[in-house]
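> My questions all concern the structure below.
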Amino acid sequence: MPRNTNLYVAAAATAAALLAAGFSTGGGPADGGADDGAPNPAVSSAADSASTSAATSVMVRSAPDPAASGHDGAGAQTQPSASPTVTVPANPDLGAPPQTHVLPGDRDPQFQAGAQALRRAIVLDKPELARPFLFPLSAYQQVDSAWNPADDYRNRLPAWYGLDIRAAHDHLGANAAKAQFVGVQVPEQNAEWIQPGVEYNKGSYYRVYGARLNYQIDGRDASIGVFSLVSWRGEWYVVHLGPSTRAADTGIVYDPRGRG
């Protein structure tokens with residue numbers, strides 16, 4: 001989990017122009033804690049190989065809008081009728097048992113439920129709906145080598161996750177209620193089994209970059225990138241929806257593609 005990435009220096013310069021854009025393209029809760037400024041992602045996905053072009057297409061939202069947490073967004077409209085309400089299976093002890101060396105898939109019911117919960121969170125501007133799809137704290141404590149993994153987790157991961165979800169909602173703009181969930185593409189061929197010590201970790205896991213959350217808007221394909229997924233006991237979880245390091249507590253839409 002490399003903790004230093006310089007791919008997103010351009011985000012601030014492009015934010016103003018990008019905030020005016022609609023949702024993007026094809027193929028692919030926040031407890032609001034404050035970042036301590038030290039890029040230290042436990043299952044940090046600061047890919048040195050991540051596409052530098054993504055830095056030119058990010059969108060930012062500097063802080064959660066307190067008013068947004070109490071409404072459904074996009075004129076208080078409900079979720080698109082084509083996307084059913086889903087429930088992510090509750091499992092409070094996800095991280096209690098030890099890790100397994102099972103490569104996750106993207107077709108099982110738990111993953112699909114998590115992916116749809118993420119879509120709903122973006123469409124409705126309600127990050128808390130997607131919280132179960134975030135890598136669990138109890139697992140993070142087993143793999144991260146920080147002196148206090150629990151504090152490191154709480155100070156960064158849920159807060160950034162929520163900001164990124166809200167930035168994605170802003171990116172959809174007036175088209176948010178029209179976004180139809182298609183699925184999540186996970187490039188499993190790119191998944192790597194990360195050994196202890198490689199990414200500031202003390203435990204192993206599969207990590208994959210480049211998953212994409214796919215939508216259709218008005219019949220056109222659209223997607224946003226998911227910066228990194230990490231495995232725990234044979235399931236994929238989001239560790240970073242946007243980039244794993246950033247200069248400030250801002251939400252970032254990672255590598256959006258297409259036109260909404």
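In the structure tokens, each chain is lettered A, B, ... as it comes, each chain's residues begin at 1, and ligands are numbered from 1 in order of appearance.
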Would you mind listing, for every residue of range 112-153 of chain A within 6 Å of range 230-247 of chain A, the two atoms forming the shortest contact and the distance between them in Å to one decimal, using only C-alpha atoms, sorted by chain and ascending residue number, as JSON lines?

```
{"residue": "A:Phe133", "atom": "CA", "partner": "A:Tyr237", "partner_atom": "CA", "distance": 5.5}
{"residue": "A:Leu134", "atom": "CA", "partner": "A:Val238", "partner_atom": "CA", "distance": 4.8}
{"residue": "A:Phe135", "atom": "CA", "partner": "A:Tyr237", "partner_atom": "CA", "distance": 4.9}
```
> Mind the document's chain letters and residue numbers, and return as number ranges by chain the residues of range 80-255 of chain A that DSSP labels alpha helix (DSSP H).
A: 109-124, 137-143, 149-172
> Which residues are near range 109-112 of chain A? Cut-off 8 Å, only C-alpha atoms, ignore same chain within fewer than 2 positions. Put them as a list of chain:residue names.
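Result of the neighbour search: A:Val88, A:Pro89, A:Gly105, A:Asp106, A:Arg107, A:Gly114, A:Ala115, A:Gln116, A:Gly183, A:Glu235, A:Trp236.
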> Using N, CA and C atoms, can you export the residues from the last selection as a compact mmCIF listing (two decimals), in the first residue's frame?

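This went into result17.txt:
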```
# COMPACT_ATOMS: atom_id res chain seq x y z
N VAL A 88 -27.49 -4.98 1.65
CA VAL A 88 -26.19 -5.62 1.77
C VAL A 88 -26.23 -6.51 3.01
N PRO A 89 -25.88 -7.79 2.88
CA PRO A 89 -25.93 -8.68 4.04
C PRO A 89 -25.12 -8.13 5.20
N GLY A 105 -14.87 -13.06 -6.74
CA GLY A 105 -15.51 -12.86 -8.04
C GLY A 105 -16.40 -11.64 -7.98
N ASP A 106 -17.05 -11.34 -9.09
CA ASP A 106 -17.94 -10.17 -9.11
C ASP A 106 -19.36 -10.56 -9.47
N ARG A 107 -19.71 -11.83 -9.28
CA ARG A 107 -21.05 -12.29 -9.62
C ARG A 107 -21.85 -12.77 -8.42
N GLY A 114 -23.60 -5.12 -2.77
CA GLY A 114 -22.75 -4.00 -2.41
C GLY A 114 -22.61 -2.99 -3.53
N ALA A 115 -22.46 -3.49 -4.76
CA ALA A 115 -22.32 -2.61 -5.91
C ALA A 115 -23.59 -1.80 -6.14
N GLN A 116 -24.75 -2.43 -5.98
CA GLN A 116 -25.99 -1.68 -6.16
C GLN A 116 -26.19 -0.68 -5.02
N GLY A 183 -23.87 -2.36 -13.87
CA GLY A 183 -23.05 -3.35 -13.19
C GLY A 183 -21.68 -2.79 -12.89
N GLU A 235 -14.26 -11.90 -0.68
CA GLU A 235 -15.17 -10.87 -1.16
C GLU A 235 -14.38 -9.60 -1.46
N TRP A 236 -14.81 -8.88 -2.52
CA TRP A 236 -14.23 -7.58 -2.82
C TRP A 236 -14.92 -6.50 -2.00
```
> Interatomic distance between CA of Asn175 in chain A and CA of Pro158 in chain A?
25.7 Å
> Identify, on the basis of only C-alpha atoms, every residue whose closest approach to Pro196 in chain A does not exceed 9 Å; exclude the query and any residue fewer than 5 positions from it along the same chain; express the result as a list in words.
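Listing them by chain and then by number gives Val143, Asn201, Lys202, Gly203, Ser204 and Tyr205 of chain A.
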> What gap, in Å, lies between CA of Val184 in chain A and CA of Ala121 in chain A?
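That distance, rounded to one decimal, is 14.7 Å.
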> Choose the residue, out of A:Gly162, A:Pro187, A:Pro104, A:Gly258, that has the smallest atom-to-atom separation from Tyr206 in chain A; count only C-alpha atoms.
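Of all the options, A:Pro104 lies closest to Tyr206 in chain A.
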> Determine the nearest neighbour of Asp221 in chain A from the options A:Ala179, A:Ala130, A:Ala191, A:Val253, counting only C-alpha atoms.
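Selected residue with least distance to Asp221 in chain A: A:Ala179.
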> Between A:Trp193, A:Gln216, A:Pro132, A:Phe181, which has the minimum distance to Thr100 in chain A (counting only C-alpha atoms)?
A:Trp193
> Work out how far CA of Ala176 in chain A is from CA of Glu188 in chain A, in Å to one decimal.
28.7 Å
